[in-house]
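Comments concern the structure below.
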Amino acid sequence: MSAITHARRKWTNTVMLGLCTAAAFAAIGVLALILGYVLFNGISYINFDFFTQLPRPAGESGGGVSNAIVGSLLTVGIAAAMGIPLGIGAGVFVAEMAGPRLGAVIRFTADVLTGVPSIVVGIVVYSWVVLRMGHFSALAAGIALAIIMLPIMARSSEEMLKLVPQSQREAALALGVTRWRTILSIVIPAARRGLITGGLLAVARAAGETAPLLFTALGNQFWSLSIAGKPIDALPLRIYQYGTGPYNQQHQQAWAAAFVLVTVVFCISLVSRLLLSRKG
Amino acid sequence: MQATASESPQTPGIVRLLRRARPGDVLFRVVVAIFGASVLVLAALMLWQLGFESRDSISAFGWGFLTGTKWDPVSRTFGAAPAIYGTLVSSIIAVVLAVPVSLGAAIYLSEMAPPWLRHPASFLVESLAAIPSVVFGLWGIYVLVPWIRSPVERVLGDRLGFLPLFTGPPFGVGMLAAGVILAIMILPIITAIARDSLLAVPSSQREAMLALGATKWEMISRAVLQYCRSGLVGAVLLGLGRALGETMAVTMVIGKTYDINTSLFAPASTAASQIASEFSEASFSLYTSALMELALILLGITLLVNVVARLLVWRIARSPEAIRE
């Protein structure tokens, strides 16, 4: 009897642990497969023109997505310029200034905001900015992406500021340094590596967002550096348009654009991981 | 607007500070308080804006909007039922497919993986969560959809065609494809959060169970999973929340048919995909307003799921003996 129970327990153990191992390899395998497919497929369509030329009319071969690359840099740049300082400020408030109850409310709201569908952010910014200004623009897209970055940035900077030892703050205050000086000159510099990491990850997230750009950036076949006056192109929008279009040439460019986007996102997350793990 | 909203909870503090503190501190405090309050203000304004923009639709259709099945700009009738149905069903498929795999993977990463594998594998999982949704969509169109059409739907139709879920011609694009791609997308998210919950279980729990002579699986299932089950449910709900609002990949593979169909092979729509594909065509204010109300419903559902999920995840993360790696 007990021998049978024992055998059954051992058997269950082996089977369940085996299943978990299989699940882990299946999960990583499927995702690595997709990643490999995108990278392998995309790199074969990358060429010099892809980075330097403008899109050609549909169906014509050749051309590139230089305007989309510049547009992505521009919109993500605008978003970072707004979202990162605002997010760090919110993180400072929660970590250094707010009482426990208000801090918890803001932290919780930020957590919940990270779960708001990005298309909803896009549609809200459309009615806030695009309708008021009368046209689609890099600014509207930047605001939408900044709204997506804000809660991510607020949460990560709060976590990073909390890692700074309390003794450093106390030492500064004991020397008669004011609170705000302590935070700006002691606490934030001490946490700078974590803050940079958080900023990089927020940028990576914003760079790949597509849904909020549909009704804010709109997309543009032509060269544009206008911030507030004209629709602007972006790499994720190109992937969407070309990927769902009928022309083979466009499909190839969509794969190439996906390659660029995934490479950028991966490099950013690798750099931020290295930044965090480096000692010192 | 921002200033008033942010100062009100702070007013007593500011008055107190003004009496004794330095002006620099007061100014700094006010500035970061505004930054902090921007998070709250943003959340409130987004809800308010969507509610305001959908007023036409709400007054035109009332509660009937939730049950209406027609989306017909010509006759000016709009109903959200097919979009809500599509959103829920595609997300349920995703969760059903993703949860066993991601929980298994999380258990492997936290309890079983050799130390040299743990960090690289965790890094890979977290990075995969950062792949843009439109890239999944592109892969979905050219690799997943053909594969779903044949063999998956062909085989399912042959073997299980007696079930209403698996009837009709195999299109490839449709509810099943959307569910599968969502499952793949939420896999790394659920895995990463579930792993964090598992790592928060104190090792004394494990040691006590092993000291009683339990096998490793008995230790995991009774001491570890039991201990952090609220965190695991939270992880699943966060994945669900992500699936509900996911737009691009779903729009690219679901086939855009505004219809309630029991067969998973049939093309469908979700709230997010309907907004993405119709918004630029909305030519009159009731049309736009109906799409705004759809966005409001979507926001409401995802907020609800996220609030519950966060509360559950917080409970495990803040438990007193929690150790964090």
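Ordering of the structure tokens sets the chain letters (A, B, ...), residue numbers begin anew at 1 in every chain, and ligands are numbered from 1 in the order given.
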Quick one: contact table of chain A to chain B, 6 Å max, nearest atom pair and distance in Å to one decimal per residue, counting only C-alpha atoms, chain and number order, as CSV?
```
residue,atom,partner,partner_atom,distance
A:Asn13,CA,B:Trp217,CA,5.0
A:Cys20,CA,B:Gly104,CA,4.1
A:Thr21,CA,B:Tyr108,CA,5.7
A:Ala23,CA,B:Val101,CA,4.8
A:Ala24,CA,B:Ala105,CA,3.7
A:Leu86,CA,B:Phe35,CA,5.7
A:Gly89,CA,B:Val32,CA,5.3
A:Ala90,CA,B:Gly36,CA,3.8
A:Phe93,CA,B:Val32,CA,5.3
A:Val112,CA,B:Asn306,CA,5.7
A:Pro117,CA,B:Gly245,CA,4.6
A:Val120,CA,B:Ala295,CA,5.9
A:Arg179,CA,B:Asp25,CA,6.0
A:Trp180,CA,B:Asp25,CA,5.4
A:Gly208,CA,B:Pro132,CA,4.7
A:Gly243,CA,B:Leu138,CA,6.0
A:Ala258,CA,B:Val135,CA,5.9
```
Please dump the current selection as a PDB file, in the first residue's frame; keep C-alpha atoms.
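Written file, selection_3.pdb:
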```
ATOM      1  CA  ASN A  13       6.442  14.550  -9.070  1.00  0.00           C
ATOM      2  CA  CYS A  20       6.771  22.725 -16.004  1.00  0.00           C
ATOM      3  CA  THR A  21      10.128  22.316 -17.716  1.00  0.00           C
ATOM      4  CA  ALA A  23       6.208  24.724 -20.508  1.00  0.00           C
ATOM      5  CA  ALA A  24       9.255  26.894 -19.910  1.00  0.00           C
ATOM      6  CA  LEU A  86       7.059  64.519 -15.366  1.00  0.00           C
ATOM      7  CA  GLY A  89       8.865  64.321 -10.643  1.00  0.00           C
ATOM      8  CA  ALA A  90       5.901  62.144  -9.780  1.00  0.00           C
ATOM      9  CA  PHE A  93       6.863  63.120  -4.910  1.00  0.00           C
ATOM     10  CA  VAL A 112      -3.602  50.964 -13.106  1.00  0.00           C
ATOM     11  CA  PRO A 117      -5.193  50.239 -23.559  1.00  0.00           C
ATOM     12  CA  VAL A 120      -7.825  54.587 -25.585  1.00  0.00           C
ATOM     13  CA  ARG A 179      15.217  69.162   1.693  1.00  0.00           C
ATOM     14  CA  TRP A 180      15.070  70.169  -1.957  1.00  0.00           C
ATOM     15  CA  GLY A 208       6.982  50.401 -30.488  1.00  0.00           C
ATOM     16  CA  GLY A 243       2.023  44.861 -43.676  1.00  0.00           C
ATOM     17  CA  ALA A 258      10.071  45.414 -38.052  1.00  0.00           C
TER      18      ALA A 258
END
```
Legend entry - Selection near Gly71 (chain A), 8 Å with only C-alpha atoms, sequence-local residues under 5 positions removed, as JSON, numbers by chain: {"A": [138, 224, 225, 232, 233, 234, 235]}
Keeping N, CA and C atoms, export the residues of the selection given above as a PDB file, in the first residue's frame.
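So the final result, stored in again.pdb, reads:
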```
ATOM      1  N   ALA A 138       3.008  65.789 -35.035  1.00  0.00           N
ATOM      2  CA  ALA A 138       4.004  65.112 -34.209  1.00  0.00           C
ATOM      3  C   ALA A 138       3.771  65.444 -32.736  1.00  0.00           C
ATOM      4  N   SER A 224       8.711  65.275 -43.485  1.00  0.00           N
ATOM      5  CA  SER A 224       8.173  66.329 -42.646  1.00  0.00           C
ATOM      6  C   SER A 224       8.953  66.418 -41.351  1.00  0.00           C
ATOM      7  N   LEU A 225       9.328  67.619 -40.996  1.00  0.00           N
ATOM      8  CA  LEU A 225       9.941  67.834 -39.687  1.00  0.00           C
ATOM      9  C   LEU A 225       9.062  68.741 -38.842  1.00  0.00           C
ATOM     10  N   ILE A 232       2.597  63.244 -39.285  1.00  0.00           N
ATOM     11  CA  ILE A 232       3.973  62.774 -39.316  1.00  0.00           C
ATOM     12  C   ILE A 232       3.980  61.258 -39.434  1.00  0.00           C
ATOM     13  N   ASP A 233       5.035  60.732 -40.000  1.00  0.00           N
ATOM     14  CA  ASP A 233       5.140  59.295 -40.167  1.00  0.00           C
ATOM     15  C   ASP A 233       5.882  58.684 -38.984  1.00  0.00           C
ATOM     16  N   ALA A 234       5.711  57.372 -38.796  1.00  0.00           N
ATOM     17  CA  ALA A 234       6.454  56.690 -37.754  1.00  0.00           C
ATOM     18  C   ALA A 234       6.643  55.243 -38.191  1.00  0.00           C
ATOM     19  N   LEU A 235       7.723  54.621 -37.733  1.00  0.00           N
ATOM     20  CA  LEU A 235       8.035  53.251 -38.159  1.00  0.00           C
ATOM     21  C   LEU A 235       6.913  52.255 -37.884  1.00  0.00           C
TER      22      LEU A 235
END
```
Inset, instruction - Considering only C-alpha atoms, state which residue in the set B:Met175, B:Ala290, B:Ala268, B:Ala194 is at the smallest distance from Gly79 (chain B). - result: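 So, comparing all the options, the nearest one is B:Ala290.
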Legend entry - Sel. of strand (DSSP E or B) residues, region 32-235 of chain B, as a count of residues only: 4
Inset, instruction - Could you tell me which of B:Pro164, B:Trp63, B:Arg315, B:Gln274 comes closest to Thr288 (chain B) if we count only C-alpha atoms? - result: B:Gln274
Inset, instruction - Rank A:Val125, A:Ala98, A:Leu200, A:Ile227 by their smallest atom-to-atom distance to Phe266 (chain A), using only C-alpha atoms, and report the top residue only. - result: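 Using only C-alpha atoms, Phe266 (chain A) sits closest to A:Leu200.
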Inset, instruction - For each of A:Ser118, A:Gln250, A:Ser66, A:Thr244, take the minimum atom-to-atom distance to Thr52 (chain A), counting only C-alpha atoms, then give the residue where this is smallest. - result: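 Result for the nearest residue to Thr52 (chain A): A:Ser66.
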Legend entry - Residues within 9 Å of Ile93 (chain B), only C-alpha atoms, excluding chain neighbours under 4 positions, as a list in words: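 Residues meeting the cut-off are Leu88, Val89, Leu97, Ala98, Met175, Leu176, Ala178, Gly179, Val180, Leu182 and Ala183 of chain B.
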Who sits within 10 Å of Met153 (chain A), only C-alpha atoms, same chain under 4 positions skipped, as a PDB file with N, CA and C atoms, in the first residue's frame:
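Result file follows (result-v1.pdb):
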```pdb
ATOM      1  N   GLY A  83       7.357  63.232 -20.936  1.00  0.00           N
ATOM      2  CA  GLY A  83       7.001  62.131 -20.045  1.00  0.00           C
ATOM      3  C   GLY A  83       8.049  61.816 -18.998  1.00  0.00           C
ATOM      4  N   ILE A  84       9.341  61.903 -19.381  1.00  0.00           N
ATOM      5  CA  ILE A  84      10.383  61.491 -18.437  1.00  0.00           C
ATOM      6  C   ILE A  84      10.505  62.462 -17.258  1.00  0.00           C
ATOM      7  N   PRO A  85      10.650  63.785 -17.499  1.00  0.00           N
ATOM      8  CA  PRO A  85      10.726  64.683 -16.333  1.00  0.00           C
ATOM      9  C   PRO A  85       9.468  64.628 -15.454  1.00  0.00           C
ATOM     10  N   LEU A  86       8.313  64.581 -16.117  1.00  0.00           N
ATOM     11  CA  LEU A  86       7.059  64.519 -15.366  1.00  0.00           C
ATOM     12  C   LEU A  86       7.006  63.241 -14.525  1.00  0.00           C
ATOM     13  N   GLY A  87       7.411  62.136 -15.143  1.00  0.00           N
ATOM     14  CA  GLY A  87       7.392  60.848 -14.441  1.00  0.00           C
ATOM     15  C   GLY A  87       8.364  60.829 -13.277  1.00  0.00           C
ATOM     16  N   ILE A  88       9.574  61.368 -13.506  1.00  0.00           N
ATOM     17  CA  ILE A  88      10.553  61.402 -12.412  1.00  0.00           C
ATOM     18  C   ILE A  88      10.028  62.289 -11.288  1.00  0.00           C
ATOM     19  N   GLY A  89       9.436  63.432 -11.657  1.00  0.00           N
ATOM     20  CA  GLY A  89       8.865  64.321 -10.643  1.00  0.00           C
ATOM     21  C   GLY A  89       7.810  63.610  -9.813  1.00  0.00           C
ATOM     22  N   ALA A  90       6.933  62.875 -10.513  1.00  0.00           N
ATOM     23  CA  ALA A  90       5.901  62.144  -9.780  1.00  0.00           C
ATOM     24  C   ALA A  90       6.535  61.092  -8.879  1.00  0.00           C
ATOM     25  N   GLY A  91       7.581  60.434  -9.377  1.00  0.00           N
ATOM     26  CA  GLY A  91       8.289  59.427  -8.576  1.00  0.00           C
ATOM     27  C   GLY A  91       8.919  60.059  -7.345  1.00  0.00           C
ATOM     28  N   ALA A 110      -1.022  54.965 -10.821  1.00  0.00           N
ATOM     29  CA  ALA A 110      -0.008  54.812 -11.867  1.00  0.00           C
ATOM     30  C   ALA A 110       0.021  53.366 -12.358  1.00  0.00           C
ATOM     31  N   THR A 114      -0.900  52.091 -16.254  1.00  0.00           N
ATOM     32  CA  THR A 114      -0.064  51.329 -17.185  1.00  0.00           C
ATOM     33  C   THR A 114      -0.885  50.260 -17.893  1.00  0.00           C
ATOM     34  N   ALA A 146       3.738  60.338 -24.445  1.00  0.00           N
ATOM     35  CA  ALA A 146       4.151  60.802 -23.120  1.00  0.00           C
ATOM     36  C   ALA A 146       3.188  60.298 -22.049  1.00  0.00           C
ATOM     37  N   ILE A 148       1.599  57.556 -22.163  1.00  0.00           N
ATOM     38  CA  ILE A 148       1.914  56.146 -21.938  1.00  0.00           C
ATOM     39  C   ILE A 148       3.179  55.998 -21.094  1.00  0.00           C
ATOM     40  N   MET A 149       4.139  56.916 -21.309  1.00  0.00           N
ATOM     41  CA  MET A 149       5.403  56.821 -20.563  1.00  0.00           C
ATOM     42  C   MET A 149       5.258  57.250 -19.105  1.00  0.00           C
ATOM     43  N   SER A 157      10.879  55.225 -11.337  1.00  0.00           N
ATOM     44  CA  SER A 157      11.758  56.146 -10.606  1.00  0.00           C
ATOM     45  C   SER A 157      11.472  56.089  -9.109  1.00  0.00           C
ATOM     46  N   GLU A 158      10.213  55.866  -8.741  1.00  0.00           N
ATOM     47  CA  GLU A 158       9.935  55.728  -7.315  1.00  0.00           C
ATOM     48  C   GLU A 158      10.702  54.548  -6.716  1.00  0.00           C
ATOM     49  N   GLU A 159      10.647  53.397  -7.422  1.00  0.00           N
ATOM     50  CA  GLU A 159      11.358  52.211  -6.926  1.00  0.00           C
ATOM     51  C   GLU A 159      12.855  52.496  -6.791  1.00  0.00           C
ATOM     52  N   LEU A 195      17.371  55.611 -12.707  1.00  0.00           N
ATOM     53  CA  LEU A 195      16.472  56.529 -13.408  1.00  0.00           C
ATOM     54  C   LEU A 195      16.708  56.453 -14.916  1.00  0.00           C
ATOM     55  N   ILE A 196      17.979  56.374 -15.310  1.00  0.00           N
ATOM     56  CA  ILE A 196      18.286  56.273 -16.746  1.00  0.00           C
ATOM     57  C   ILE A 196      17.693  54.973 -17.306  1.00  0.00           C
ATOM     58  N   THR A 197      17.861  53.885 -16.548  1.00  0.00           N
ATOM     59  CA  THR A 197      17.294  52.615 -16.983  1.00  0.00           C
ATOM     60  C   THR A 197      15.790  52.719 -17.194  1.00  0.00           C
ATOM     61  N   GLY A 198      15.114  53.327 -16.216  1.00  0.00           N
ATOM     62  CA  GLY A 198      13.669  53.475 -16.327  1.00  0.00           C
ATOM     63  C   GLY A 198      13.294  54.298 -17.550  1.00  0.00           C
ATOM     64  N   GLY A 199      14.059  55.362 -17.789  1.00  0.00           N
ATOM     65  CA  GLY A 199      13.806  56.201 -18.953  1.00  0.00           C
ATOM     66  C   GLY A 199      13.989  55.431 -20.244  1.00  0.00           C
ATOM     67  N   LEU A 200      15.049  54.634 -20.308  1.00  0.00           N
ATOM     68  CA  LEU A 200      15.308  53.845 -21.519  1.00  0.00           C
ATOM     69  C   LEU A 200      14.172  52.873 -21.784  1.00  0.00           C
ATOM     70  N   LEU A 201      13.708  52.202 -20.724  1.00  0.00           N
ATOM     71  CA  LEU A 201      12.639  51.220 -20.922  1.00  0.00           C
ATOM     72  C   LEU A 201      11.339  51.907 -21.353  1.00  0.00           C
ATOM     73  N   ALA A 202      11.099  53.093 -20.793  1.00  0.00           N
ATOM     74  CA  ALA A 202       9.898  53.830 -21.204  1.00  0.00           C
ATOM     75  C   ALA A 202      10.004  54.252 -22.666  1.00  0.00           C
ATOM     76  N   VAL A 203      11.211  54.665 -23.088  1.00  0.00           N
ATOM     77  CA  VAL A 203      11.416  55.033 -24.485  1.00  0.00           C
ATOM     78  C   VAL A 203      11.202  53.811 -25.391  1.00  0.00           C
TER      79      VAL A 203
END
```
Legend entry - Pairwise distance for CA of Arg154 (chain B) and CA of Leu264 (chain B), rounded to one decimal in Å: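 So the answer is 12.5 Å.
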